[in-house]
>>> print(open('entry.cif').read())   # mmCIF, C-alpha atoms
data_upload
#
loop_
_atom_site.group_PDB
_atom_site.id
_atom_site.type_symbol
_atom_site.label_atom_id
_atom_site.label_comp_id
_atom_site.auth_asym_id
_atom_site.auth_seq_id
_atom_site.Cartn_x
_atom_site.Cartn_y
_atom_site.Cartn_z
ATOM 1 C CA MET J 1 -6.352 -13.263 -2.093
ATOM 2 C CA ILE J 2 -8.886 -12.136 0.514
ATOM 3 C CA SER J 3 -10.837 -14.869 2.262
ATOM 4 C CA GLU J 4 -14.580 -14.886 1.754
ATOM 5 C CA PRO J 5 -15.523 -13.992 5.360
ATOM 6 C CA VAL J 6 -13.220 -10.958 5.344
ATOM 7 C CA ARG J 7 -14.334 -9.921 1.873
ATOM 8 C CA ALA J 8 -17.976 -10.083 2.969
ATOM 9 C CA ARG J 9 -17.262 -8.158 6.183
ATOM 10 C CA LEU J 10 -15.424 -5.396 4.325
ATOM 11 C CA ALA J 11 -18.173 -5.263 1.715
ATOM 12 C CA ALA J 12 -20.783 -4.812 4.445
ATOM 13 C CA LEU J 13 -18.802 -2.056 6.148
ATOM 14 C CA GLN J 14 -17.388 -0.275 3.076
ATOM 15 C CA PRO J 15 -19.627 -1.301 0.173
ATOM 16 C CA GLU J 16 -18.361 1.315 -2.250
ATOM 17 C CA ALA J 17 -14.835 -0.099 -2.210
ATOM 18 C CA ALA J 18 -15.895 -3.750 -2.388
ATOM 19 C CA THR J 19 -16.478 -3.982 -6.132
ATOM 20 C CA PRO J 20 -13.231 -2.282 -7.194
ATOM 21 C CA LEU J 21 -11.360 -4.389 -4.633
ATOM 22 C CA ALA J 22 -12.705 -7.558 -6.249
ATOM 23 C CA GLY J 23 -11.802 -6.107 -9.639
ATOM 24 C CA ILE J 24 -8.148 -5.597 -8.811
ATOM 25 C CA HIS J 25 -7.875 -9.159 -7.537
ATOM 26 C CA GLN J 26 -9.211 -10.585 -10.777
ATOM 27 C CA LEU J 27 -6.975 -8.439 -12.943
ATOM 28 C CA ALA J 28 -3.876 -8.997 -10.813
ATOM 29 C CA SER J 29 -4.335 -12.750 -11.056
ATOM 30 C CA ALA J 30 -4.769 -12.508 -14.817
ATOM 31 C CA ALA J 31 -1.704 -10.286 -15.269
ATOM 32 C CA VAL J 32 0.916 -12.756 -14.076
ATOM 33 C CA ASP J 33 1.982 -16.274 -15.048
ATOM 34 C CA PRO J 34 -0.152 -18.469 -12.721
ATOM 35 C CA ALA J 35 2.784 -20.698 -11.763
ATOM 36 C CA ILE J 36 4.864 -17.666 -10.778
ATOM 37 C CA LEU J 37 1.926 -16.159 -8.919
ATOM 38 C CA GLU J 38 1.405 -19.362 -6.939
ATOM 39 C CA LEU J 39 5.043 -19.514 -5.872
ATOM 40 C CA CYS J 40 5.152 -15.825 -4.940
ATOM 41 C CA SER J 41 1.883 -16.145 -3.011
ATOM 42 C CA ALA J 42 3.217 -19.058 -1.000
ATOM 43 C CA CYS J 43 6.420 -17.181 -0.233
ATOM 44 C CA ILE J 44 4.542 -14.050 0.895
ATOM 45 C CA ASP J 45 2.071 -16.065 2.964
ATOM 46 C CA ALA J 46 4.950 -17.657 4.823
ATOM 47 C CA ILE J 47 6.544 -14.286 5.542
ATOM 48 C CA LEU J 48 3.299 -12.734 6.771
ATOM 49 C CA ASN J 49 2.503 -15.728 8.966
ATOM 50 C CA ASP J 50 6.021 -15.973 10.409
ATOM 51 C CA HIS J 51 6.603 -19.405 8.887
ATOM 52 C CA SER J 52 9.564 -20.693 6.972
ATOM 53 C CA TRP J 53 8.891 -21.719 3.380
ATOM 54 C CA VAL J 54 10.553 -24.268 1.168
ATOM 55 C CA PRO J 55 9.598 -24.340 -2.512
ATOM 56 C CA PRO J 56 7.669 -27.456 -3.499
ATOM 57 C CA ARG J 57 10.350 -28.371 -6.056
ATOM 58 C CA PRO J 58 13.665 -27.045 -7.318
ATOM 59 C CA LEU J 59 13.006 -23.663 -8.915
ATOM 60 C CA THR J 60 14.240 -22.506 -12.272
ATOM 61 C CA ALA J 61 16.425 -19.402 -12.369
ATOM 62 C CA ARG J 62 13.404 -17.444 -13.604
ATOM 63 C CA GLU J 63 11.160 -18.692 -10.814
ATOM 64 C CA GLN J 64 13.842 -18.031 -8.216
ATOM 65 C CA ALA J 65 14.279 -14.454 -9.419
ATOM 66 C CA PHE J 66 10.552 -13.757 -9.087
ATOM 67 C CA VAL J 67 10.356 -15.417 -5.676
ATOM 68 C CA ASP J 68 13.392 -13.536 -4.353
ATOM 69 C CA PHE J 69 11.951 -10.251 -5.607
ATOM 70 C CA SER J 70 8.613 -11.039 -3.940
ATOM 71 C CA GLU J 71 10.318 -11.872 -0.668
ATOM 72 C CA GLN J 72 12.159 -8.556 -0.625
ATOM 73 C CA PHE J 73 9.047 -6.664 -1.746
ATOM 74 C CA ALA J 74 7.026 -8.119 1.124
ATOM 75 C CA THR J 75 9.760 -7.760 3.722
ATOM 76 C CA SER J 76 10.968 -4.226 2.966
ATOM 77 C CA VAL J 77 10.327 -2.568 -0.354
ATOM 78 C CA SER J 78 12.377 0.451 0.681
ATOM 79 C CA THR J 79 15.559 -1.632 0.694
ATOM 80 C CA LEU J 80 14.860 -3.438 -2.563
ATOM 81 C CA ASP J 81 17.737 -2.531 -4.825
ATOM 82 C CA ARG J 82 18.393 -1.956 -8.502
ATOM 83 C CA ALA J 83 20.171 -5.304 -8.892
ATOM 84 C CA GLN J 84 17.012 -7.185 -7.949
ATOM 85 C CA VAL J 85 15.053 -5.297 -10.589
ATOM 86 C CA GLU J 86 17.796 -5.913 -13.144
ATOM 87 C CA ARG J 87 17.718 -9.624 -12.338
ATOM 88 C CA LEU J 88 14.003 -9.735 -13.138
ATOM 89 C CA ARG J 89 14.611 -7.776 -16.317
ATOM 90 C CA GLY J 90 16.601 -10.781 -17.490
ATOM 91 C CA PHE J 91 13.366 -12.735 -17.562
ATOM 92 C CA ALA J 92 10.684 -10.129 -18.234
ATOM 93 C CA SER J 93 10.027 -7.225 -20.561
ATOM 94 C CA GLU J 94 9.331 -3.742 -19.167
ATOM 95 C CA ASP J 95 5.606 -4.332 -19.588
ATOM 96 C CA GLU J 96 5.752 -7.706 -17.837
ATOM 97 C CA LEU J 97 7.816 -6.271 -15.012
ATOM 98 C CA TYR J 98 5.460 -3.338 -14.523
ATOM 99 C CA LEU J 99 2.428 -5.632 -14.473
ATOM 100 C CA PHE J 100 4.136 -8.053 -12.112
ATOM 101 C CA VAL J 101 5.050 -5.353 -9.602
ATOM 102 C CA ASN J 102 1.513 -3.965 -9.630
ATOM 103 C CA ALA J 103 0.076 -7.473 -9.221
ATOM 104 C CA LEU J 104 2.523 -8.078 -6.387
ATOM 105 C CA TYR J 105 1.206 -4.977 -4.618
ATOM 106 C CA VAL J 106 -2.324 -6.358 -4.866
ATOM 107 C CA LEU J 107 -1.252 -9.810 -3.707
ATOM 108 C CA ASP J 108 0.924 -8.654 -0.819
ATOM 109 C CA MET J 109 -1.424 -6.001 0.557
ATOM 110 C CA SER J 110 -4.524 -8.164 0.122
ATOM 111 C CA ARG J 111 -2.986 -10.898 2.223
ATOM 112 C CA ARG J 112 -2.049 -8.341 4.864
ATOM 113 C CA LEU J 113 -5.536 -6.870 4.788
ATOM 114 C CA ASP J 114 -7.023 -10.350 5.082
ATOM 115 C CA LEU J 115 -4.913 -11.268 8.105
ATOM 116 C CA VAL J 116 -5.404 -8.017 10.003
ATOM 117 C CA ALA J 117 -9.039 -7.243 9.142
ATOM 118 C CA GLY J 118 -9.859 -10.899 9.813
ATOM 119 C CA ARG J 119 -8.594 -10.505 13.377
ATOM 120 C CA ILE J 120 -9.714 -6.960 14.120
ATOM 121 C CA LEU J 121 -13.165 -7.033 12.522
ATOM 122 C CA ALA J 122 -14.090 -10.648 13.360
ATOM 123 C CA MET A 1 16.762 8.039 0.077
ATOM 124 C CA SER A 2 17.091 11.037 -2.191
ATOM 125 C CA GLY A 3 18.990 10.592 -5.415
ATOM 126 C CA GLN A 4 17.172 7.390 -6.368
ATOM 127 C CA THR A 5 16.920 6.955 -10.107
ATOM 128 C CA GLU A 6 14.235 5.149 -12.049
ATOM 129 C CA ARG A 7 14.764 1.419 -12.518
ATOM 130 C CA LEU A 8 12.373 1.109 -15.416
ATOM 131 C CA ALA A 9 12.221 3.038 -18.664
ATOM 132 C CA ARG A 10 8.648 4.292 -18.490
ATOM 133 C CA GLU A 11 8.790 5.498 -22.074
ATOM 134 C CA ARG A 12 9.201 1.860 -23.128
ATOM 135 C CA LEU A 13 5.975 0.770 -21.425
ATOM 136 C CA THR A 14 3.048 0.067 -23.716
ATOM 137 C CA LYS A 15 0.155 2.417 -23.059
ATOM 138 C CA GLY A 16 -3.079 0.545 -22.450
ATOM 139 C CA VAL A 17 -1.227 -2.693 -21.712
ATOM 140 C CA SER A 18 0.915 -2.024 -18.658
ATOM 141 C CA ILE A 19 0.835 1.719 -18.032
ATOM 142 C CA GLY A 20 -2.777 2.832 -18.205
ATOM 143 C CA GLY A 21 -3.767 -0.782 -18.744
ATOM 144 C CA PRO A 22 -6.676 -2.660 -17.145
ATOM 145 C CA LEU A 23 -4.855 -3.487 -13.899
ATOM 146 C CA GLU A 24 -3.540 0.029 -13.373
ATOM 147 C CA ARG A 25 -6.955 1.523 -14.123
ATOM 148 C CA ALA A 26 -8.612 -0.900 -11.714
ATOM 149 C CA ILE A 27 -6.118 -0.005 -8.981
ATOM 150 C CA ALA A 28 -6.894 3.673 -9.608
ATOM 151 C CA ASP A 29 -10.633 2.948 -9.359
ATOM 152 C CA PHE A 30 -10.084 1.130 -6.079
ATOM 153 C CA ALA A 31 -7.981 4.014 -4.751
ATOM 154 C CA ALA A 32 -10.633 6.549 -5.722
ATOM 155 C CA ALA A 33 -13.377 4.533 -4.013
ATOM 156 C CA VAL A 34 -11.305 4.352 -0.833
ATOM 157 C CA VAL A 35 -10.606 8.082 -0.881
ATOM 158 C CA ARG A 36 -14.325 8.855 -1.234
ATOM 159 C CA ALA A 37 -14.998 7.259 2.165
ATOM 160 C CA ARG A 38 -15.012 10.114 4.651
ATOM 161 C CA GLY A 39 -15.807 8.430 7.953
ATOM 162 C CA VAL A 40 -12.424 9.025 9.590
ATOM 163 C CA ASP A 41 -11.035 12.340 10.887
ATOM 164 C CA PRO A 42 -8.896 13.751 8.034
ATOM 165 C CA LEU A 43 -6.071 14.477 10.441
ATOM 166 C CA ILE A 44 -5.877 10.794 11.424
ATOM 167 C CA SER A 45 -6.127 9.743 7.772
ATOM 168 C CA GLU A 46 -3.179 12.015 7.009
ATOM 169 C CA LEU A 47 -1.075 10.561 9.820
ATOM 170 C CA VAL A 48 -1.787 7.078 8.462
ATOM 171 C CA ARG A 49 -0.986 8.158 4.890
ATOM 172 C CA LEU A 50 2.338 9.648 5.987
ATOM 173 C CA ARG A 51 3.173 6.600 8.103
ATOM 174 C CA CYS A 52 2.750 4.464 4.979
ATOM 175 C CA ALA A 53 4.985 6.883 3.076
ATOM 176 C CA GLN A 54 7.597 6.700 5.817
ATOM 177 C CA ILE A 55 7.720 2.900 6.055
ATOM 178 C CA HIS A 56 7.718 2.396 2.284
ATOM 179 C CA ASP A 57 10.117 5.331 1.740
ATOM 180 C CA CYS A 58 7.825 6.854 -0.874
ATOM 181 C CA ARG A 59 9.248 10.192 -1.953
ATOM 182 C CA LEU A 60 6.058 11.220 -3.731
ATOM 183 C CA CYS A 61 3.649 10.591 -0.846
ATOM 184 C CA GLY A 62 6.111 12.034 1.652
ATOM 185 C CA SER A 63 6.202 15.266 -0.329
ATOM 186 C CA LEU A 64 2.427 15.748 -0.270
ATOM 187 C CA ARG A 65 0.164 17.224 2.377
ATOM 188 C CA ALA A 66 -3.582 16.697 2.252
ATOM 189 C CA ARG A 67 -5.478 19.975 2.149
ATOM 190 C CA GLU A 68 -8.250 18.581 4.370
ATOM 191 C CA ALA A 69 -5.706 17.652 7.029
ATOM 192 C CA LEU A 70 -4.020 21.051 6.870
ATOM 193 C CA ASP A 71 -7.420 22.666 7.356
ATOM 194 C CA ALA A 72 -7.968 20.370 10.348
ATOM 195 C CA GLY A 73 -4.739 21.540 11.979
ATOM 196 C CA PHE A 74 -2.035 19.249 10.595
ATOM 197 C CA ASP A 75 1.443 20.765 10.771
ATOM 198 C CA GLU A 76 5.030 19.678 10.148
ATOM 199 C CA ASP A 77 5.686 19.110 13.825
ATOM 200 C CA MET A 78 3.141 16.288 13.633
ATOM 201 C CA GLN A 79 4.888 14.861 10.601
ATOM 202 C CA ARG A 80 8.174 14.800 12.473
ATOM 203 C CA ARG A 81 6.565 12.948 15.397
ATOM 204 C CA ILE A 82 5.019 10.133 13.363
ATOM 205 C CA ALA A 83 8.127 7.925 13.530
ATOM 206 C CA ARG A 84 7.831 7.765 17.337
ATOM 207 C CA TYR A 85 4.079 8.060 17.452
ATOM 208 C CA GLU A 86 3.484 5.942 20.547
ATOM 209 C CA SER A 87 5.252 8.455 22.778
ATOM 210 C CA ALA A 88 4.802 11.611 20.725
ATOM 211 C CA GLY A 89 1.712 13.113 22.299
ATOM 212 C CA PHE A 90 -0.837 12.129 19.660
ATOM 213 C CA SER A 91 -4.424 11.423 20.677
ATOM 214 C CA PRO A 92 -5.279 7.831 21.688
ATOM 215 C CA GLU A 93 -7.357 7.566 18.499
ATOM 216 C CA ALA A 94 -4.397 8.528 16.332
ATOM 217 C CA VAL A 95 -2.083 6.100 18.132
ATOM 218 C CA ALA A 96 -4.574 3.258 17.682
ATOM 219 C CA ALA A 97 -4.934 4.047 13.972
ATOM 220 C CA LEU A 98 -1.152 4.144 13.518
ATOM 221 C CA LYS A 99 -0.776 0.822 15.327
ATOM 222 C CA LEU A 100 -3.304 -0.671 12.928
ATOM 223 C CA CYS A 101 -1.291 0.762 10.045
ATOM 224 C CA ASP A 102 1.900 -0.817 11.377
ATOM 225 C CA ALA A 103 0.204 -4.176 11.888
ATOM 226 C CA ILE A 104 -0.847 -4.211 8.250
ATOM 227 C CA ILE A 105 2.339 -2.980 6.648
ATOM 228 C CA LEU A 106 4.954 -4.319 9.059
ATOM 229 C CA ARG A 107 3.710 -7.383 10.921
ATOM 230 C CA PRO A 108 0.150 -8.746 10.778
ATOM 231 C CA ALA A 109 0.773 -10.732 13.996
ATOM 232 C CA TRP A 110 0.555 -7.403 15.845
ATOM 233 C CA ALA A 111 -3.193 -7.439 15.143
ATOM 234 C CA ASP A 112 -4.090 -9.049 18.442
ATOM 235 C CA ASP A 113 -6.905 -8.771 20.969
ATOM 236 C CA ALA A 114 -5.262 -5.773 22.626
ATOM 237 C CA LEU A 115 -5.168 -3.810 19.376
ATOM 238 C CA ARG A 116 -8.691 -4.919 18.562
ATOM 239 C CA GLY A 117 -9.919 -3.575 21.905
ATOM 240 C CA GLU A 118 -7.960 -0.349 21.510
ATOM 241 C CA LEU A 119 -9.374 0.303 18.067
ATOM 242 C CA ARG A 120 -12.925 -0.477 19.122
ATOM 243 C CA ARG A 121 -12.697 2.015 21.981
ATOM 244 C CA HIS A 122 -12.171 4.802 19.473
ATOM 245 C CA PHE A 123 -13.652 3.717 16.142
ATOM 246 C CA SER A 124 -16.747 2.032 14.758
ATOM 247 C CA ASP A 125 -16.296 -1.110 12.670
ATOM 248 C CA ALA A 126 -16.980 0.928 9.518
ATOM 249 C CA GLN A 127 -14.211 3.370 10.478
ATOM 250 C CA ILE A 128 -11.796 0.501 11.173
ATOM 251 C CA ALA A 129 -12.620 -0.997 7.783
ATOM 252 C CA GLU A 130 -12.025 2.425 6.213
ATOM 253 C CA LEU A 131 -8.646 2.679 7.922
ATOM 254 C CA CYS A 132 -7.686 -0.818 6.749
ATOM 255 C CA LEU A 133 -8.565 0.081 3.166
ATOM 256 C CA ASP A 134 -6.732 3.409 3.530
ATOM 257 C CA VAL A 135 -3.565 1.515 4.414
ATOM 258 C CA MET A 136 -3.993 -0.751 1.408
ATOM 259 C CA LYS A 137 -4.586 2.246 -0.849
ATOM 260 C CA TRP A 138 -1.610 4.196 0.529
ATOM 261 C CA SER A 139 0.609 1.163 0.042
ATOM 262 C CA GLN A 140 0.003 1.265 -3.701
ATOM 263 C CA GLN A 141 3.271 3.158 -3.660
ATOM 264 C CA LYS A 142 5.110 -0.100 -2.948
ATOM 265 C CA ALA A 143 4.954 -0.837 -6.665
ATOM 266 C CA LEU A 144 6.275 2.631 -7.479
ATOM 267 C CA VAL A 145 9.021 2.465 -4.862
ATOM 268 C CA ALA A 146 10.195 -0.960 -6.068
ATOM 269 C CA LEU A 147 10.832 0.593 -9.468
ATOM 270 C CA ARG A 148 11.739 4.007 -8.045
ATOM 271 C CA ILE A 149 9.242 5.785 -10.234
ATOM 272 C CA GLU A 150 7.827 7.897 -7.394
ATOM 273 C CA PRO A 151 9.657 11.233 -7.645
ATOM 274 C CA PRO A 152 8.098 14.139 -5.737
ATOM 275 C CA VAL A 153 5.861 16.476 -7.708
ATOM 276 C CA ALA A 154 8.112 19.396 -6.770
ATOM 277 C CA GLU A 155 11.112 20.134 -4.579
ATOM 278 C CA SER A 156 8.901 21.737 -1.953
ATOM 279 C CA LEU A 157 5.924 20.213 -0.158
ATOM 280 C CA THR A 158 2.880 20.084 -2.410
ATOM 281 C CA GLU A 159 -0.801 20.335 -1.638
ATOM 282 C CA LEU A 160 -2.866 17.178 -2.211
ATOM 283 C CA ARG A 161 -6.596 17.404 -2.838
ATOM 284 C CA PHE A 162 -9.122 15.046 -4.361
ATOM 285 C CA ASP A 163 -11.953 15.744 -6.745
ATOM 286 C CA ASP A 164 -15.469 14.479 -6.062
ATOM 287 C CA ALA A 165 -14.662 11.197 -7.826
ATOM 288 C CA GLY A 166 -11.681 10.613 -5.527
ATOM 289 C CA HIS A 167 -8.968 11.347 -8.075
ATOM 290 C CA PRO A 168 -5.865 13.163 -6.811
ATOM 291 C CA LEU A 169 -5.182 16.790 -7.679
ATOM 292 C CA PHE A 170 -1.799 18.301 -6.967
ATOM 293 C CA GLY A 171 -1.868 21.942 -5.930
ATOM 294 C CA GLY A 172 0.820 24.463 -5.327
ATOM 295 C CA PRO A 173 3.850 24.541 -3.037
ATOM 296 C CA LEU A 174 3.231 24.593 0.695
ATOM 297 C CA ALA A 175 6.313 26.292 2.087
ATOM 298 C CA ASP A 176 4.179 28.074 4.673
ATOM 299 C CA CYS A 177 3.207 24.896 6.549
ATOM 300 C CA GLN A 178 6.769 23.965 7.539
#
>>> encode(input="entry.cif", output="structure tokens")
Amino acid sequence: MISEPVRARLAALQPEAATPLAGIHQLASAAVDPAILELCSACIDAILNDHSWVPPRPLTAREQAFVDFSEQFATSVSTLDRAQVERLRGFASEDELYLFVNALYVLDMSRRLDLVAGRILA
Amino acid sequence: MSGQTERLARERLTKGVSIGGPLERAIADFAAAVVRARGVDPLISELVRLRCAQIHDCRLCGSLRAREALDAGFDEDMQRRIARYESAGFSPEAVAALKLCDAIILRPAWADDALRGELRRHFSDAQIAELCLDVMKWSQQKALVALRIEPPVAESLTELRFDDAGHPLFGGPLADCQ
């Protein structure tokens, strides 16, 4: 989620936060279906890098729901609405949804941190 | 966005699995480690925290005021000026920090050479790294906002402090700082 050069730079500058930062990456990756995580990561990367993104294959309804949620989460969480949460609830339990949203926070913000810190602290 | 109701039945979450589970505990540990860093002026940290709250529309964070920032001179007039911070009379350091915040949470492409130069005029690399991690920590609320499980602690503004380990402590109402 955070490239090695940026991770090392942050660890050198803020060593106390480096270990817990690595910890949340590991646990976030483990908390979500890897196939879903890969699709959501690709979607978020495209948004953050101002690229368009086309899924590598036709998505199932479940995959599409997770990707759409991720897109809205990364673009503007404040305008994410109840219907988008309800749509995910059709494919995930409360526990799975809660874990997914927390993992999405880690994924989304780590990519942002990577892009910005990589440019500012290079 | 007052009047938002929860989109997830928290009482149906399994303790130790999702709520209070390994990922949530690890995120809390990360947040505490970030809070323990004290290299940045608390007033600037508070402006950044409230900018995150504003962009993410977090009702909880928006209802809190950091005690350290209040002691350093933060007031509600500053809070009202954050939305137009580039022309609102803040110090150049504060403006640079808020631009960094916006680059992270709104558009990473804004992190260009100009912003890099601006930040380095006012902050050390360690301080910039601290600010970057602050923004990540104060965006934890994105998960809460998505599910609308971020109600304010109270109807009035509430004092926010941290213990020595970096864990949040909510104090009393702060009607006198408005």
>>> closest_atom_pairs(input="entry.cif", of="region 70-103 of chain A", to="region 125-137 of chain A", cutoff="12 Å", atoms="all atoms listed in the file", output="JSON lines")
{"residue": "A:Glu93", "atom": "CA", "partner": "A:Ile128", "partner_atom": "CA", "distance": 11.1}
{"residue": "A:Ala94", "atom": "CA", "partner": "A:Leu131", "partner_atom": "CA", "distance": 11.1}
{"residue": "A:Ala96", "atom": "CA", "partner": "A:Ile128", "partner_atom": "CA", "distance": 10.1}
{"residue": "A:Ala97", "atom": "CA", "partner": "A:Leu131", "partner_atom": "CA", "distance": 7.2}
{"residue": "A:Leu98", "atom": "CA", "partner": "A:Leu131", "partner_atom": "CA", "distance": 9.5}
{"residue": "A:Lys99", "atom": "CA", "partner": "A:Leu131", "partner_atom": "CA", "distance": 11.0}
{"residue": "A:Leu100", "atom": "CA", "partner": "A:Cys132", "partner_atom": "CA", "distance": 7.6}
{"residue": "A:Cys101", "atom": "CA", "partner": "A:Val135", "partner_atom": "CA", "distance": 6.1}
{"residue": "A:Asp102", "atom": "CA", "partner": "A:Val135", "partner_atom": "CA", "distance": 9.2}
{"residue": "A:Ala103", "atom": "CA", "partner": "A:Cys132", "partner_atom": "CA", "distance": 10.0}
>>> write_last_selection(input="entry.cif", atoms="C-alpha atoms", output="PDB file, keeping the file's coordinate frame")
ATOM      1  CA  GLU A  93      -7.357   7.566  18.499  1.00  0.00           C
ATOM      2  CA  ALA A  94      -4.397   8.528  16.332  1.00  0.00           C
ATOM      3  CA  ALA A  96      -4.574   3.258  17.682  1.00  0.00           C
ATOM      4  CA  ALA A  97      -4.934   4.047  13.972  1.00  0.00           C
ATOM      5  CA  LEU A  98      -1.152   4.144  13.518  1.00  0.00           C
ATOM      6  CA  LYS A  99      -0.776   0.822  15.327  1.00  0.00           C
ATOM      7  CA  LEU A 100      -3.304  -0.671  12.928  1.00  0.00           C
ATOM      8  CA  CYS A 101      -1.291   0.762  10.045  1.00  0.00           C
ATOM      9  CA  ASP A 102       1.900  -0.817  11.377  1.00  0.00           C
ATOM     10  CA  ALA A 103       0.204  -4.176  11.888  1.00  0.00           C
TER      11      ALA A 103
END
>>> closest_atom_pairs(input="entry.cif", of="chain A", to="chain J", cutoff="6 Å", atoms="all atoms listed in the file", output="Markdown table")
| residue | atom | partner | partner_atom | distance |
| --- | --- | --- | --- | --- |
| A:Leu13 | CA | J:Asp95 | CA | 5.4 |
| A:Ser18 | CA | J:Asp95 | CA | 5.3 |
| A:Leu23 | CA | J:Leu27 | CA | 5.5 |
| A:Ala26 | CA | J:Ile24 | CA | 5.5 |
| A:Ile27 | CA | J:Ile24 | CA | 6.0 |
| A:Phe30 | CA | J:Pro20 | CA | 4.8 |
| A:Ala33 | CA | J:Ala17 | CA | 5.2 |
| A:Val34 | CA | J:Ala17 | CA | 5.8 |
| A:His56 | CA | J:Ser78 | CA | 5.3 |
| A:Asp57 | CA | J:Ser78 | CA | 5.5 |
| A:Ile104 | CA | J:Arg112 | CA | 5.5 |
| A:Pro108 | CA | J:Val116 | CA | 5.7 |
| A:Ala111 | CA | J:Val116 | CA | 5.6 |
| A:Arg116 | CA | J:Ile120 | CA | 5.0 |
| A:Ala126 | CA | J:Leu13 | CA | 4.9 |
| A:Met136 | CA | J:Met109 | CA | 5.9 |
| A:Ala143 | CA | J:Val101 | CA | 5.4 |
| A:Ala146 | CA | J:Val77 | CA | 5.9 |
>>> write_last_selection(input="entry.cif", atoms="C-alpha atoms", output="mmCIF file, keeping the file's coordinate frame")
data_model
loop_
_atom_site.group_PDB
_atom_site.id
_atom_site.type_symbol
_atom_site.label_atom_id
_atom_site.label_comp_id
_atom_site.auth_asym_id
_atom_site.auth_seq_id
_atom_site.Cartn_x
_atom_site.Cartn_y
_atom_site.Cartn_z
ATOM 1 C CA LEU A 13 5.975 0.770 -21.425
ATOM 2 C CA SER A 18 0.915 -2.024 -18.658
ATOM 3 C CA LEU A 23 -4.855 -3.487 -13.899
ATOM 4 C CA ALA A 26 -8.612 -0.900 -11.714
ATOM 5 C CA ILE A 27 -6.118 -0.005 -8.981
ATOM 6 C CA PHE A 30 -10.084 1.130 -6.079
ATOM 7 C CA ALA A 33 -13.377 4.533 -4.013
ATOM 8 C CA VAL A 34 -11.305 4.352 -0.833
ATOM 9 C CA HIS A 56 7.718 2.396 2.284
ATOM 10 C CA ASP A 57 10.117 5.331 1.740
ATOM 11 C CA ILE A 104 -0.847 -4.211 8.250
ATOM 12 C CA PRO A 108 0.150 -8.746 10.778
ATOM 13 C CA ALA A 111 -3.193 -7.439 15.143
ATOM 14 C CA ARG A 116 -8.691 -4.919 18.562
ATOM 15 C CA ALA A 126 -16.980 0.928 9.518
ATOM 16 C CA MET A 136 -3.993 -0.751 1.408
ATOM 17 C CA ALA A 143 4.954 -0.837 -6.665
ATOM 18 C CA ALA A 146 10.195 -0.960 -6.068
#
>>> atom_distance(input="entry.cif", atom1="CA of Leu147 (chain A)", atom2="CA of Arg7 (chain A)")
5.0 Å
>>> closest_residue(input="entry.cif", among="A:Met78, A:Ile55, A:Leu174, A:Ala88", to="Ser156 (chain A)", atoms="all atoms listed in the file")
A:Leu174
>>> atom_distance(input="entry.cif", atom1="CA of Val67 (chain J)", atom2="CA of Ile36 (chain J)")
7.8 Å
>>> atom_distance(input="entry.cif", atom1="CA of Glu71 (chain J)", atom2="CA of Cys40 (chain J)")
7.8 Å
>>> resolve_selection(input="entry.cif", expression="the PyMOL selection byres ((chain J and resi 63) around 12)", output="short mmCIF file (atom, residue, chain, number, x, y, z; two decimals) with C-alpha atoms, in the coordinates of the input")
data_model
loop_
_atom_site.label_atom_id
_atom_site.label_comp_id
_atom_site.auth_asym_id
_atom_site.auth_seq_id
_atom_site.Cartn_x
_atom_site.Cartn_y
_atom_site.Cartn_z
CA ASP J 33 1.98 -16.27 -15.05
CA PRO J 34 -0.15 -18.47 -12.72
CA ALA J 35 2.78 -20.70 -11.76
CA ILE J 36 4.86 -17.67 -10.78
CA LEU J 37 1.93 -16.16 -8.92
CA GLU J 38 1.40 -19.36 -6.94
CA LEU J 39 5.04 -19.51 -5.87
CA CYS J 40 5.15 -15.82 -4.94
CA CYS J 43 6.42 -17.18 -0.23
CA PRO J 55 9.60 -24.34 -2.51
CA PRO J 56 7.67 -27.46 -3.50
CA ARG J 57 10.35 -28.37 -6.06
CA PRO J 58 13.66 -27.04 -7.32
CA LEU J 59 13.01 -23.66 -8.91
CA THR J 60 14.24 -22.51 -12.27
CA ALA J 61 16.42 -19.40 -12.37
CA ARG J 62 13.40 -17.44 -13.60
CA GLN J 64 13.84 -18.03 -8.22
CA ALA J 65 14.28 -14.45 -9.42
CA PHE J 66 10.55 -13.76 -9.09
CA VAL J 67 10.36 -15.42 -5.68
CA ASP J 68 13.39 -13.54 -4.35
CA PHE J 69 11.95 -10.25 -5.61
CA SER J 70 8.61 -11.04 -3.94
CA ARG J 87 17.72 -9.62 -12.34
CA LEU J 88 14.00 -9.74 -13.14
CA GLY J 90 16.60 -10.78 -17.49
CA PHE J 91 13.37 -12.74 -17.56
CA ALA J 92 10.68 -10.13 -18.23
#
>>> closest_residue(input="entry.cif", among="A:Glu24, A:Glu150, A:Glu86, A:Glu46", to="Phe74 (chain A)", atoms="only C-alpha atoms")
A:Glu46
>>> residues_near_point(input="entry.cif", point="(-10.3, 19.7, 6.4)", cutoff="12 Å", atoms="all atoms listed in the file", output="ChimeraX atom specification")
/A:38,40-46,65-74,160-162
>>> residues_around(input="entry.cif", residues="Pro151 (chain A)", least_positions_apart="4", cutoff="12 Å", atoms="all atoms listed in the file", output="ChimeraX atom specification")
/A:1-6,57-64,141,144-145,147,155-156
>>> axis_aligned_box(input="entry.cif", around="region 71-74 of chain J", padding_each_side="8 Å", output="JSON")
{"center_x": 9.6, "center_y": -9.3, "center_z": -0.3, "size_x": 21.1, "size_y": 21.2, "size_z": 18.9}
